[in-house]
$ cat structure.cif   # mmCIF, C-alpha atoms and all ligand atoms
data_target
loop_
_atom_site.group_PDB
_atom_site.id
_atom_site.type_symbol
_atom_site.label_atom_id
_atom_site.label_comp_id
_atom_site.auth_asym_id
_atom_site.auth_seq_id
_atom_site.Cartn_x
_atom_site.Cartn_y
_atom_site.Cartn_z
ATOM 1 C CA MET D 15 93.429 120.663 78.082
ATOM 2 C CA ASN D 16 96.161 123.250 78.813
ATOM 3 C CA ILE D 17 97.580 122.339 82.226
ATOM 4 C CA GLY D 18 100.157 124.422 84.093
ATOM 5 C CA ILE D 19 102.684 123.075 86.573
ATOM 6 C CA LEU D 20 104.500 125.479 88.880
ATOM 7 C CA GLY D 21 107.605 123.888 90.444
ATOM 8 C CA LEU D 22 109.232 121.259 88.262
ATOM 9 C CA GLY D 23 110.643 118.793 90.777
ATOM 10 C CA LEU D 24 109.855 115.174 91.645
ATOM 11 C CA ILE D 25 106.081 115.708 91.941
ATOM 12 C CA GLY D 26 105.657 118.445 89.307
ATOM 13 C CA GLY D 27 107.935 116.706 86.795
ATOM 14 C CA SER D 28 106.213 113.339 87.294
ATOM 15 C CA LEU D 29 102.787 114.922 86.927
ATOM 16 C CA GLY D 30 103.908 116.510 83.646
ATOM 17 C CA LEU D 31 105.113 113.179 82.222
ATOM 18 C CA ASP D 32 101.724 111.515 82.874
ATOM 19 C CA LEU D 33 99.614 114.466 81.745
ATOM 20 C CA ARG D 34 101.505 114.786 78.456
ATOM 21 C CA SER D 35 101.176 111.066 77.792
ATOM 22 C CA GLN D 36 97.390 111.534 78.120
ATOM 23 C CA GLY D 37 97.447 114.250 75.429
ATOM 24 C CA HIS D 38 97.290 117.349 77.642
ATOM 25 C CA TYR D 39 99.385 120.369 76.696
ATOM 26 C CA VAL D 40 101.664 121.019 79.678
ATOM 27 C CA LEU D 41 103.075 124.451 80.527
ATOM 28 C CA GLY D 42 105.798 124.346 83.178
ATOM 29 C CA VAL D 43 107.265 127.098 85.318
ATOM 30 C CA SER D 44 110.201 126.630 87.651
ATOM 31 C CA ARG D 45 112.733 128.782 89.494
ATOM 32 C CA ARG D 46 115.829 127.825 87.488
ATOM 33 C CA GLU D 47 116.227 128.039 83.728
ATOM 34 C CA SER D 48 118.305 124.824 83.783
ATOM 35 C CA THR D 49 115.351 122.965 85.365
ATOM 36 C CA CYS D 50 113.002 124.341 82.695
ATOM 37 C CA GLN D 51 115.343 123.097 79.960
ATOM 38 C CA GLN D 52 115.733 119.695 81.599
ATOM 39 C CA ALA D 53 111.948 119.333 81.973
ATOM 40 C CA ARG D 54 111.532 119.921 78.221
ATOM 41 C CA ALA D 55 114.318 117.460 77.403
ATOM 42 C CA LEU D 56 112.794 114.776 79.671
ATOM 43 C CA GLY D 57 109.323 115.257 78.137
ATOM 44 C CA SER D 58 107.676 116.569 81.342
ATOM 45 C CA VAL D 59 106.456 119.758 79.668
ATOM 46 C CA ASP D 60 105.639 121.089 76.202
ATOM 47 C CA GLU D 61 106.735 124.626 77.062
ATOM 48 C CA SER D 62 108.578 125.948 80.090
ATOM 49 C CA SER D 63 109.776 129.225 81.493
ATOM 50 C CA ILE D 64 110.931 130.922 84.668
ATOM 51 C CA ASP D 65 108.268 133.545 83.940
ATOM 52 C CA MET D 66 104.888 132.818 85.566
ATOM 53 C CA SER D 67 102.992 134.667 82.838
ATOM 54 C CA LEU D 68 103.376 131.476 80.740
ATOM 55 C CA LEU D 69 100.616 129.993 82.915
ATOM 56 C CA ALA D 70 98.036 132.596 81.761
ATOM 57 C CA LYS D 71 97.151 130.077 78.996
ATOM 58 C CA ALA D 72 96.486 127.223 81.463
ATOM 59 C CA GLU D 73 92.961 126.096 82.381
ATOM 60 C CA VAL D 74 94.226 124.317 85.494
ATOM 61 C CA VAL D 75 97.449 124.988 87.437
ATOM 62 C CA PHE D 76 99.103 122.549 89.857
ATOM 63 C CA ILE D 77 101.383 124.294 92.390
ATOM 64 C CA CYS D 78 104.199 121.825 93.135
ATOM 65 C CA THR D 79 106.766 123.988 94.935
ATOM 66 C CA PRO D 80 108.087 123.173 98.439
ATOM 67 C CA ILE D 81 105.332 123.680 101.076
ATOM 68 C CA GLY D 82 106.701 126.975 102.414
ATOM 69 C CA LEU D 83 106.526 128.569 98.959
ATOM 70 C CA ILE D 84 102.992 127.508 97.997
ATOM 71 C CA ILE D 85 101.195 130.557 99.446
ATOM 72 C CA PRO D 86 103.679 133.241 98.245
ATOM 73 C CA THR D 87 103.824 131.506 94.857
ATOM 74 C CA LEU D 88 100.032 131.584 94.541
ATOM 75 C CA GLU D 89 99.943 135.272 95.468
ATOM 76 C CA GLN D 90 102.270 135.982 92.555
ATOM 77 C CA LEU D 91 100.627 133.489 90.187
ATOM 78 C CA ILE D 92 97.081 134.890 90.416
ATOM 79 C CA THR D 93 98.187 138.262 89.088
ATOM 80 C CA HIS D 94 98.661 136.462 85.730
ATOM 81 C CA LEU D 95 95.467 134.362 85.662
ATOM 82 C CA PRO D 96 91.901 134.939 84.461
ATOM 83 C CA SER D 97 89.407 134.206 87.274
ATOM 84 C CA THR D 98 88.236 131.022 85.503
ATOM 85 C CA THR D 99 91.563 129.216 86.026
ATOM 86 C CA VAL D 100 91.327 126.338 88.483
ATOM 87 C CA VAL D 101 94.290 126.153 90.870
ATOM 88 C CA THR D 102 95.268 123.187 93.008
ATOM 89 C CA ASP D 103 98.383 122.324 95.019
ATOM 90 C CA VAL D 104 100.169 119.114 96.051
ATOM 91 C CA GLY D 105 101.513 120.197 99.454
ATOM 92 C CA SER D 106 101.836 117.546 102.176
ATOM 93 C CA VAL D 107 100.006 119.769 104.706
ATOM 94 C CA LYS D 108 96.606 121.249 103.932
ATOM 95 C CA THR D 109 95.053 123.403 106.712
ATOM 96 C CA PRO D 110 97.372 126.461 106.615
ATOM 97 C CA ILE D 111 97.516 126.376 102.811
ATOM 98 C CA VAL D 112 93.775 126.042 102.219
ATOM 99 C CA LYS D 113 92.997 128.652 104.896
ATOM 100 C CA ALA D 114 95.366 131.200 103.364
ATOM 101 C CA ILE D 115 94.435 130.594 99.722
ATOM 102 C CA ALA D 116 90.620 130.274 99.975
ATOM 103 C CA PRO D 117 90.050 134.038 100.425
ATOM 104 C CA LEU D 118 92.539 134.838 97.634
ATOM 105 C CA TRP D 119 91.331 132.513 94.848
ATOM 106 C CA ASN D 120 87.823 131.125 94.693
ATOM 107 C CA ASN D 121 88.671 128.466 92.106
ATOM 108 C CA PHE D 122 91.134 126.702 94.408
ATOM 109 C CA ILE D 123 91.032 123.156 95.727
ATOM 110 C CA GLY D 124 93.732 121.695 97.964
ATOM 111 C CA GLY D 125 95.226 118.326 97.064
ATOM 112 C CA HIS D 126 97.857 115.874 98.241
ATOM 113 C CA PRO D 127 99.141 112.860 96.303
ATOM 114 C CA MET D 128 100.404 110.215 98.731
ATOM 115 C CA ALA D 129 103.273 109.315 96.434
ATOM 116 C CA GLY D 130 106.967 110.025 96.471
ATOM 117 C CA THR D 131 110.477 108.626 96.410
ATOM 118 C CA ALA D 132 113.586 109.412 98.438
ATOM 119 C CA ASP D 133 114.828 111.579 95.554
ATOM 120 C CA SER D 134 113.994 115.126 94.629
ATOM 121 C CA GLY D 135 114.343 117.528 91.702
ATOM 122 C CA ILE D 136 113.389 117.211 88.046
ATOM 123 C CA GLU D 137 115.910 114.398 87.481
ATOM 124 C CA ALA D 138 113.859 112.237 89.899
ATOM 125 C CA ALA D 139 110.637 112.666 87.871
ATOM 126 C CA MET D 140 109.097 109.375 86.779
ATOM 127 C CA ARG D 141 106.076 108.061 84.903
ATOM 128 C CA ASN D 142 103.117 106.486 86.751
ATOM 129 C CA LEU D 143 104.260 107.785 90.148
ATOM 130 C CA PHE D 144 100.634 108.304 91.220
ATOM 131 C CA GLU D 145 99.217 105.033 89.902
ATOM 132 C CA LYS D 146 97.298 103.073 92.564
ATOM 133 C CA LYS D 147 98.397 105.605 95.196
ATOM 134 C CA PRO D 148 95.959 107.569 97.384
ATOM 135 C CA TYR D 149 95.314 111.173 96.312
ATOM 136 C CA VAL D 150 93.388 113.387 98.760
ATOM 137 C CA LEU D 151 91.350 116.432 97.752
ATOM 138 C CA THR D 152 90.280 118.881 100.479
ATOM 139 C CA PRO D 153 87.525 121.142 99.084
ATOM 140 C CA LEU D 154 85.650 123.592 101.314
ATOM 141 C CA ALA D 155 81.875 124.235 101.288
ATOM 142 C CA THR D 156 82.671 127.344 99.228
ATOM 143 C CA THR D 157 84.752 125.538 96.563
ATOM 144 C CA PRO D 158 82.969 125.737 93.164
ATOM 145 C CA PRO D 159 81.676 122.256 92.173
ATOM 146 C CA ASP D 160 83.122 122.689 88.646
ATOM 147 C CA ALA D 161 86.627 123.180 90.069
ATOM 148 C CA ILE D 162 86.246 119.974 92.099
ATOM 149 C CA THR D 163 84.997 118.025 89.072
ATOM 150 C CA ILE D 164 87.869 119.180 86.851
ATOM 151 C CA VAL D 165 90.618 118.299 89.347
ATOM 152 C CA GLU D 166 88.893 115.033 90.287
ATOM 153 C CA LYS D 167 88.882 113.933 86.633
ATOM 154 C CA ILE D 168 92.600 114.692 86.207
ATOM 155 C CA VAL D 169 93.466 112.840 89.421
ATOM 156 C CA ARG D 170 91.403 109.779 88.475
ATOM 157 C CA ASN D 171 93.104 109.676 85.059
ATOM 158 C CA LEU D 172 96.501 109.504 86.805
ATOM 159 C CA GLY D 173 95.346 106.102 88.070
ATOM 160 C CA ALA D 174 95.312 107.394 91.645
ATOM 161 C CA THR D 175 92.738 106.382 94.267
ATOM 162 C CA LEU D 176 90.783 109.484 95.154
ATOM 163 C CA TYR D 177 89.726 110.474 98.680
ATOM 164 C CA TYR D 178 88.001 113.561 100.019
ATOM 165 C CA SER D 179 88.488 115.029 103.470
ATOM 166 C CA SER D 180 88.507 118.311 105.335
ATOM 167 C CA PRO D 181 91.964 119.943 105.471
ATOM 168 C CA GLU D 182 91.999 119.439 109.262
ATOM 169 C CA ASP D 183 91.212 115.703 109.125
ATOM 170 C CA HIS D 184 93.790 115.299 106.355
ATOM 171 C CA ASP D 185 96.491 116.901 108.524
ATOM 172 C CA LYS D 186 95.650 114.729 111.557
ATOM 173 C CA ALA D 187 95.617 111.572 109.427
ATOM 174 C CA VAL D 188 98.927 112.282 107.668
ATOM 175 C CA SER D 189 100.465 113.172 111.011
ATOM 176 C CA TRP D 190 99.898 109.548 112.107
ATOM 177 C CA ILE D 191 100.976 107.758 108.961
ATOM 178 C CA SER D 192 103.510 110.085 107.353
ATOM 179 C CA HIS D 193 104.859 112.824 109.628
ATOM 180 C CA LEU D 194 105.147 110.789 112.870
ATOM 181 C CA PRO D 195 106.980 107.940 111.035
ATOM 182 C CA VAL D 196 109.572 110.438 109.731
ATOM 183 C CA MET D 197 110.315 111.613 113.281
ATOM 184 C CA ILE D 198 110.368 108.073 114.713
ATOM 185 C CA SER D 199 112.586 106.820 111.923
ATOM 186 C CA SER D 200 114.960 109.755 112.393
ATOM 187 C CA SER D 201 115.128 109.057 116.170
ATOM 188 C CA LEU D 202 115.844 105.412 115.425
ATOM 189 C CA ILE D 203 118.873 106.299 113.303
ATOM 190 C CA ALA D 204 120.035 108.870 115.902
ATOM 191 C CA ALA D 205 119.647 106.319 118.738
ATOM 192 C CA CYS D 206 121.730 103.739 116.835
ATOM 193 C CA MET D 207 124.393 106.365 116.169
ATOM 194 C CA SER D 208 124.642 107.061 119.926
ATOM 195 C CA GLU D 209 126.364 103.685 120.469
ATOM 196 C CA THR D 210 129.672 104.636 122.100
ATOM 197 C CA ASP D 211 131.552 101.399 121.412
ATOM 198 C CA ALA D 212 133.038 101.924 117.939
ATOM 199 C CA ASN D 213 133.330 98.165 117.315
ATOM 200 C CA VAL D 214 129.669 97.573 118.146
ATOM 201 C CA LEU D 215 128.565 100.528 116.028
ATOM 202 C CA GLN D 216 130.600 99.304 113.047
ATOM 203 C CA LEU D 217 129.241 95.789 113.434
ATOM 204 C CA ALA D 218 125.661 97.111 113.645
ATOM 205 C CA GLN D 219 126.222 99.080 110.446
ATOM 206 C CA LYS D 220 127.486 95.946 108.688
ATOM 207 C CA LEU D 221 124.658 93.743 109.985
ATOM 208 C CA ALA D 222 121.835 96.163 109.159
ATOM 209 C CA SER D 223 119.594 94.465 106.622
ATOM 210 C CA SER D 224 116.002 94.555 105.344
ATOM 211 C CA GLY D 225 114.352 95.308 108.739
ATOM 212 C CA PHE D 226 116.551 98.344 109.312
ATOM 213 C CA ARG D 227 116.196 99.380 105.671
ATOM 214 C CA ASP D 228 112.369 99.476 106.067
ATOM 215 C CA THR D 229 112.300 101.222 109.441
ATOM 216 C CA SER D 230 114.987 103.824 108.670
ATOM 217 C CA ARG D 231 113.893 104.725 105.121
ATOM 218 C CA VAL D 232 111.761 107.786 105.862
ATOM 219 C CA GLY D 233 114.145 109.075 108.548
ATOM 220 C CA GLY D 234 116.934 109.058 105.978
ATOM 221 C CA GLY D 235 114.963 111.072 103.392
ATOM 222 C CA ASN D 236 114.925 114.742 102.336
ATOM 223 C CA PRO D 237 115.491 116.827 105.561
ATOM 224 C CA GLU D 238 113.749 119.852 104.038
ATOM 225 C CA LEU D 239 110.509 117.879 103.683
ATOM 226 C CA GLY D 240 110.633 116.617 107.310
ATOM 227 C CA LEU D 241 111.269 120.134 108.583
ATOM 228 C CA MET D 242 108.302 121.500 106.615
ATOM 229 C CA MET D 243 106.030 118.733 107.960
ATOM 230 C CA ALA D 244 106.923 119.758 111.529
ATOM 231 C CA GLN D 245 106.622 123.495 110.872
ATOM 232 C CA TYR D 246 103.315 123.354 108.996
ATOM 233 C CA ASN D 247 101.599 120.463 110.828
ATOM 234 C CA ARG D 248 103.064 121.276 114.246
ATOM 235 C CA GLN D 249 100.048 120.714 116.530
ATOM 236 C CA ALA D 250 98.902 117.437 114.962
ATOM 237 C CA LEU D 251 102.487 116.159 114.973
ATOM 238 C CA LEU D 252 102.971 117.109 118.642
ATOM 239 C CA ASN D 253 99.776 115.209 119.552
ATOM 240 C CA SER D 254 101.006 112.139 117.646
ATOM 241 C CA LEU D 255 104.464 112.348 119.253
ATOM 242 C CA GLN D 256 102.942 112.581 122.746
ATOM 243 C CA GLN D 257 100.819 109.485 122.136
ATOM 244 C CA TYR D 258 103.836 107.696 120.674
ATOM 245 C CA ARG D 259 105.917 108.537 123.754
ATOM 246 C CA HIS D 260 103.116 107.076 125.901
ATOM 247 C CA ASN D 261 103.177 103.836 123.871
ATOM 248 C CA LEU D 262 106.963 103.675 124.073
ATOM 249 C CA ASP D 263 106.855 104.187 127.858
ATOM 250 C CA GLU D 264 104.304 101.383 128.114
ATOM 251 C CA LEU D 265 106.499 99.005 126.089
ATOM 252 C CA THR D 266 109.525 99.971 128.212
ATOM 253 C CA ARG D 267 107.534 99.227 131.385
ATOM 254 C CA PHE D 268 106.444 95.794 130.120
ATOM 255 C CA ILE D 269 110.084 94.896 129.450
ATOM 256 C CA GLU D 270 111.414 96.366 132.719
ATOM 257 C CA GLN D 271 108.775 94.454 134.683
ATOM 258 C CA GLU D 272 109.257 91.326 132.545
ATOM 259 C CA ASP D 273 105.536 91.427 131.844
ATOM 260 C CA TRP D 274 105.875 89.122 128.840
ATOM 261 C CA GLU D 275 102.153 88.483 128.650
ATOM 262 C CA ALA D 276 101.353 92.186 128.237
ATOM 263 C CA LEU D 277 104.154 92.559 125.702
ATOM 264 C CA GLU D 278 102.909 89.566 123.721
ATOM 265 C CA GLN D 279 99.356 90.947 123.736
ATOM 266 C CA GLN D 280 100.639 94.281 122.468
ATOM 267 C CA LEU D 281 102.638 92.659 119.647
ATOM 268 C CA GLN D 282 99.674 90.469 118.705
ATOM 269 C CA SER D 283 97.413 93.483 118.589
ATOM 270 C CA THR D 284 99.800 95.480 116.353
ATOM 271 C CA GLN D 285 100.293 92.449 114.077
ATOM 272 C CA LYS D 286 96.504 92.335 113.623
ATOM 273 C CA ALA D 287 96.195 96.110 113.120
ATOM 274 C CA ARG D 288 98.936 96.618 110.504
ATOM 275 C CA PRO D 289 96.975 95.232 107.512
ATOM 276 C CA LYS D 290 94.317 97.880 108.166
ATOM 277 C CA PHE D 291 96.917 100.467 107.128
ATOM 278 C CA VAL D 292 98.948 98.646 104.483
ATOM 279 C CA ASP D 293 98.598 95.361 102.558
HETATM 280 P P1 LIG Y 1 111.290 118.862 94.762
HETATM 281 O O1 LIG Y 1 111.619 117.637 94.010
HETATM 282 O O2 LIG Y 1 112.345 119.539 95.567
HETATM 283 O O3 LIG Y 1 110.653 119.892 93.740
HETATM 284 C C1 LIG Y 1 110.275 121.201 94.049
HETATM 285 C C2 LIG Y 1 110.649 122.065 92.867
HETATM 286 O O4 LIG Y 1 110.139 123.369 93.086
HETATM 287 C C3 LIG Y 1 112.146 122.223 92.708
HETATM 288 O O5 LIG Y 1 112.623 121.340 91.726
HETATM 289 C C4 LIG Y 1 112.341 123.670 92.332
HETATM 290 O O6 LIG Y 1 112.757 123.802 90.995
HETATM 291 C C5 LIG Y 1 110.954 124.248 92.354
HETATM 292 N N1 LIG Y 1 110.935 125.544 92.994
HETATM 293 C C6 LIG Y 1 111.542 125.913 94.140
HETATM 294 N N2 LIG Y 1 111.285 127.199 94.395
HETATM 295 C C7 LIG Y 1 110.526 127.634 93.378
HETATM 296 C C8 LIG Y 1 109.950 128.877 93.065
HETATM 297 N N3 LIG Y 1 110.104 129.936 93.857
HETATM 298 N N4 LIG Y 1 109.203 128.995 91.931
HETATM 299 C C9 LIG Y 1 109.039 127.934 91.131
HETATM 300 N N5 LIG Y 1 109.573 126.721 91.368
HETATM 301 C C10 LIG Y 1 110.293 126.592 92.480
HETATM 302 O O7 LIG Y 1 110.086 118.602 95.788
HETATM 303 P P2 LIG Y 1 108.874 117.582 95.634
HETATM 304 O O8 LIG Y 1 109.205 116.348 96.386
HETATM 305 O O9 LIG Y 1 108.450 117.504 94.206
HETATM 306 O O10 LIG Y 1 107.779 118.347 96.495
HETATM 307 C C11 LIG Y 1 107.018 119.381 95.944
HETATM 308 C C12 LIG Y 1 105.715 119.489 96.724
HETATM 309 O O11 LIG Y 1 105.078 118.230 96.715
HETATM 310 C C13 LIG Y 1 105.885 119.888 98.198
HETATM 311 O O12 LIG Y 1 104.925 120.842 98.526
HETATM 312 C C14 LIG Y 1 105.632 118.596 98.949
HETATM 313 O O13 LIG Y 1 105.005 118.817 100.201
HETATM 314 C C15 LIG Y 1 104.689 117.860 98.016
HETATM 315 N N6 LIG Y 1 104.763 116.398 98.095
HETATM 316 C C16 LIG Y 1 105.970 115.752 98.136
HETATM 317 C C17 LIG Y 1 105.996 114.359 98.211
HETATM 318 C C18 LIG Y 1 107.296 113.600 98.268
HETATM 319 O O14 LIG Y 1 107.329 112.498 98.795
HETATM 320 N N7 LIG Y 1 108.366 114.121 97.753
HETATM 321 C C19 LIG Y 1 104.808 113.638 98.211
HETATM 322 C C20 LIG Y 1 103.602 114.324 98.121
HETATM 323 C C21 LIG Y 1 103.589 115.718 98.063
HETATM 324 P P3 LIG Y 1 114.136 124.469 90.510
HETATM 325 O O15 LIG Y 1 114.952 123.279 90.133
HETATM 326 O O16 LIG Y 1 113.684 125.290 89.361
HETATM 327 O O17 LIG Y 1 114.710 125.249 91.656
#

$ encode --input "structure.cif" --output "structure tokens" --more "lines below"
Ligand code: NAP
Amino acid sequence: MNIGILGLGLIGGSLGLDLRSQGHYVLGVSRRESTCQQARALGSVDESSIDMSLLAKAEVVFICTPIGLIIPTLEQLITHLPSTTVVTDVGSVKTPIVKAIAPLWNNFIGGHPMAGTADSGIEAAMRNLFEKKPYVLTPLATTPPDAITIVEKIVRNLGATLYYSSPEDHDKAVSWISHLPVMISSSLIAACMSETDANVLQLAQKLASSGFRDTSRVGGGNPELGLMMAQYNRQALLNSLQQYRHNLDELTRFIEQEDWEALEQQLQSTQKARPKFVD
């Protein structure tokens, strides 16, 4: 199959590596010529260009640009495509993207691989990034069944675990498990940095070990991605932050009032709940 990738960064470049290894012919388009060259050298694409017309030959196109560029990129892209081309995207937020694109391109299905690293750009591309990771597809009632089947098959062959949801449910769910953690983790780092005693701050920085590494990881990631999550999933994120503030206030109260029983119950309940989210 001829598969197009628009935006050759971490996600687009990684997708290209896997698709080529499965025998697909991969056409890549990116903003910079240097990225196009690097993608060819790394084996992410068979052909690449900064000119979108290259994708006219593709049967399926994955849009892998930063979230804010997905809609304007699609508007430009479809001027080069026959109406049979199936288009999907990998953006971390789905409702505004699916809502804007559905009236423009019938053969579109929203998607979101729940996979990533702290790095970005084509140099961060890696094989098997999507293996055993969740991959959500968000078709609408109007999405052609053939478009769903084609994208579903490609996603399954990446070794990803496929889920379907509405764009709205997707955005609420990722707000809890992806976007809220970025904000909490960022606040954690900021709170630590507010220590005014330089000796204590330095000591804390030296003593930070695996616990801090785990809890600060997503707050120390790509700022552009965090900003886009907040801008494009604003309402769901605000709801999650309000609930989180409530939980934090409750914990603070337990400690202020030395209500150790309530605190213990809370910690026991979260210990029991965690495996329902992650192994
Ligand atoms: P990235 O590594 O920064 O890659 C994005 C690439 O898009 C850049 O390398 C850039 O290539 C290219 N690009 C920028 N503007 C462009 C334009 N106007 N036309 C064509 N290409 C353009 O970002 P990423 O992490 O792969 O994220 C890409 C998408 O995946 C985002 O929508 C994000 O929400 C989604 N996503 C990310 C993760 C994650 O954890 N990183 C996980 C799941 C989904 P040049 O080098 O040519 O400028």

$ residues_near_ligand --input "structure.cif" --ligand "ligand LIG 1 (chain Y)" --cutoff "8 Å" --atoms "all atoms listed in the file" --output "PDB file with C-alpha atoms, keeping the file's coordinate frame"
ATOM      1  CA  LEU D  20     104.500 125.479  88.880  1.00  0.00           C
ATOM      2  CA  GLY D  21     107.605 123.888  90.444  1.00  0.00           C
ATOM      3  CA  LEU D  22     109.232 121.259  88.262  1.00  0.00           C
ATOM      4  CA  GLY D  23     110.643 118.793  90.777  1.00  0.00           C
ATOM      5  CA  LEU D  24     109.855 115.174  91.645  1.00  0.00           C
ATOM      6  CA  ILE D  25     106.081 115.708  91.941  1.00  0.00           C
ATOM      7  CA  GLY D  26     105.657 118.445  89.307  1.00  0.00           C
ATOM      8  CA  GLY D  27     107.935 116.706  86.795  1.00  0.00           C
ATOM      9  CA  VAL D  43     107.265 127.098  85.318  1.00  0.00           C
ATOM     10  CA  SER D  44     110.201 126.630  87.651  1.00  0.00           C
ATOM     11  CA  ARG D  45     112.733 128.782  89.494  1.00  0.00           C
ATOM     12  CA  ARG D  46     115.829 127.825  87.488  1.00  0.00           C
ATOM     13  CA  GLU D  47     116.227 128.039  83.728  1.00  0.00           C
ATOM     14  CA  SER D  48     118.305 124.824  83.783  1.00  0.00           C
ATOM     15  CA  THR D  49     115.351 122.965  85.365  1.00  0.00           C
ATOM     16  CA  CYS D  50     113.002 124.341  82.695  1.00  0.00           C
ATOM     17  CA  ILE D  64     110.931 130.922  84.668  1.00  0.00           C
ATOM     18  CA  ILE D  77     101.383 124.294  92.390  1.00  0.00           C
ATOM     19  CA  CYS D  78     104.199 121.825  93.135  1.00  0.00           C
ATOM     20  CA  THR D  79     106.766 123.988  94.935  1.00  0.00           C
ATOM     21  CA  PRO D  80     108.087 123.173  98.439  1.00  0.00           C
ATOM     22  CA  ILE D  81     105.332 123.680 101.076  1.00  0.00           C
ATOM     23  CA  GLY D  82     106.701 126.975 102.414  1.00  0.00           C
ATOM     24  CA  LEU D  83     106.526 128.569  98.959  1.00  0.00           C
ATOM     25  CA  ILE D  84     102.992 127.508  97.997  1.00  0.00           C
ATOM     26  CA  THR D  87     103.824 131.506  94.857  1.00  0.00           C
ATOM     27  CA  ASP D 103      98.383 122.324  95.019  1.00  0.00           C
ATOM     28  CA  VAL D 104     100.169 119.114  96.051  1.00  0.00           C
ATOM     29  CA  GLY D 105     101.513 120.197  99.454  1.00  0.00           C
ATOM     30  CA  SER D 106     101.836 117.546 102.176  1.00  0.00           C
ATOM     31  CA  VAL D 107     100.006 119.769 104.706  1.00  0.00           C
ATOM     32  CA  HIS D 126      97.857 115.874  98.241  1.00  0.00           C
ATOM     33  CA  PRO D 127      99.141 112.860  96.303  1.00  0.00           C
ATOM     34  CA  MET D 128     100.404 110.215  98.731  1.00  0.00           C
ATOM     35  CA  ALA D 129     103.273 109.315  96.434  1.00  0.00           C
ATOM     36  CA  GLY D 130     106.967 110.025  96.471  1.00  0.00           C
ATOM     37  CA  THR D 131     110.477 108.626  96.410  1.00  0.00           C
ATOM     38  CA  ALA D 132     113.586 109.412  98.438  1.00  0.00           C
ATOM     39  CA  ASP D 133     114.828 111.579  95.554  1.00  0.00           C
ATOM     40  CA  SER D 134     113.994 115.126  94.629  1.00  0.00           C
ATOM     41  CA  GLY D 135     114.343 117.528  91.702  1.00  0.00           C
ATOM     42  CA  ILE D 136     113.389 117.211  88.046  1.00  0.00           C
ATOM     43  CA  ALA D 138     113.859 112.237  89.899  1.00  0.00           C
ATOM     44  CA  ALA D 139     110.637 112.666  87.871  1.00  0.00           C
ATOM     45  CA  LEU D 239     110.509 117.879 103.683  1.00  0.00           C
ATOM     46  CA  MET D 242     108.302 121.500 106.615  1.00  0.00           C
ATOM     47  CA  MET D 243     106.030 118.733 107.960  1.00  0.00           C
TER      48      MET D 243
END

$ resolve_selection --input "structure.cif" --expression "the PyMOL selection byres (((chain D and resi 168) around 12) and not hetatm)" --output "PyMOL selection string"
chain D and resi 15-17+29-30+32-34+36-38+74-76+100+102+125+144+149+151+161-167+169-176

$ atom_distance --input "structure.cif" --atom1 "atom CA of Ser189 of chain D" --atom2 "atom CA of Leu262 of chain D"
17.4 Å

$ atom_distance --input "structure.cif" --atom1 "atom CA of Pro181 of chain D" --atom2 "atom CA of Val196 of chain D"
20.5 Å

$ atom_distance --input "structure.cif" --atom1 "atom CA of Leu31 of chain D" --atom2 "atom CA of Arg227 of chain D"
29.4 Å

$ residues_around --input "structure.cif" --residues "segment 257-261 of chain D" --least-positions-apart "5" --cutoff "9 Å" --atoms "only C-alpha atoms" --output "list of chain:residue names"
D:Leu194, D:Ile198, D:Leu252, D:Thr266

$ write_last_selection --input "structure.cif" --atoms "C-alpha atoms" --output "CSV table (one decimal), in the coordinates of the input"
chain,number,residue,atom,x,y,z
D,194,LEU,CA,105.1,110.8,112.9
D,198,ILE,CA,110.4,108.1,114.7
D,252,LEU,CA,103.0,117.1,118.6
D,266,THR,CA,109.5,100.0,128.2

$ resolve_selection --input "structure.cif" --expression "the PyMOL selection byres (((chain D and resi 18) around 6) and not hetatm)" --output "list of chain:residue names"
D:Ile17, D:Ile19, D:Val40, D:Leu41, D:Gly42, D:Leu69, D:Ala72, D:Val75

$ write_last_selection --input "structure.cif" --atoms "C-alpha atoms" --output "mmCIF file, in the frame of the given file"
data_model
loop_
_atom_site.group_PDB
_atom_site.id
_atom_site.type_symbol
_atom_site.label_atom_id
_atom_site.label_comp_id
_atom_site.auth_asym_id
_atom_site.auth_seq_id
_atom_site.Cartn_x
_atom_site.Cartn_y
_atom_site.Cartn_z
ATOM 1 C CA ILE D 17 97.580 122.339 82.226
ATOM 2 C CA ILE D 19 102.684 123.075 86.573
ATOM 3 C CA VAL D 40 101.664 121.019 79.678
ATOM 4 C CA LEU D 41 103.075 124.451 80.527
ATOM 5 C CA GLY D 42 105.798 124.346 83.178
ATOM 6 C CA LEU D 69 100.616 129.993 82.915
ATOM 7 C CA ALA D 72 96.486 127.223 81.463
ATOM 8 C CA VAL D 75 97.449 124.988 87.437
#

$ residues_around --input "structure.cif" --residues "Ala250 of chain D" --least-positions-apart "2" --cutoff "9 Å" --atoms "all atoms listed in the file" --output "count of residues only"
12

$ resolve_selection --input "structure.cif" --expression "the PyMOL selection byres (((chain D and resi 115) around 12) and not hetatm)" --output "NGL selection string"
:D and (77 or 84-92 or 101-103 or 108-114 or 116-124 or 153-154 or 157)
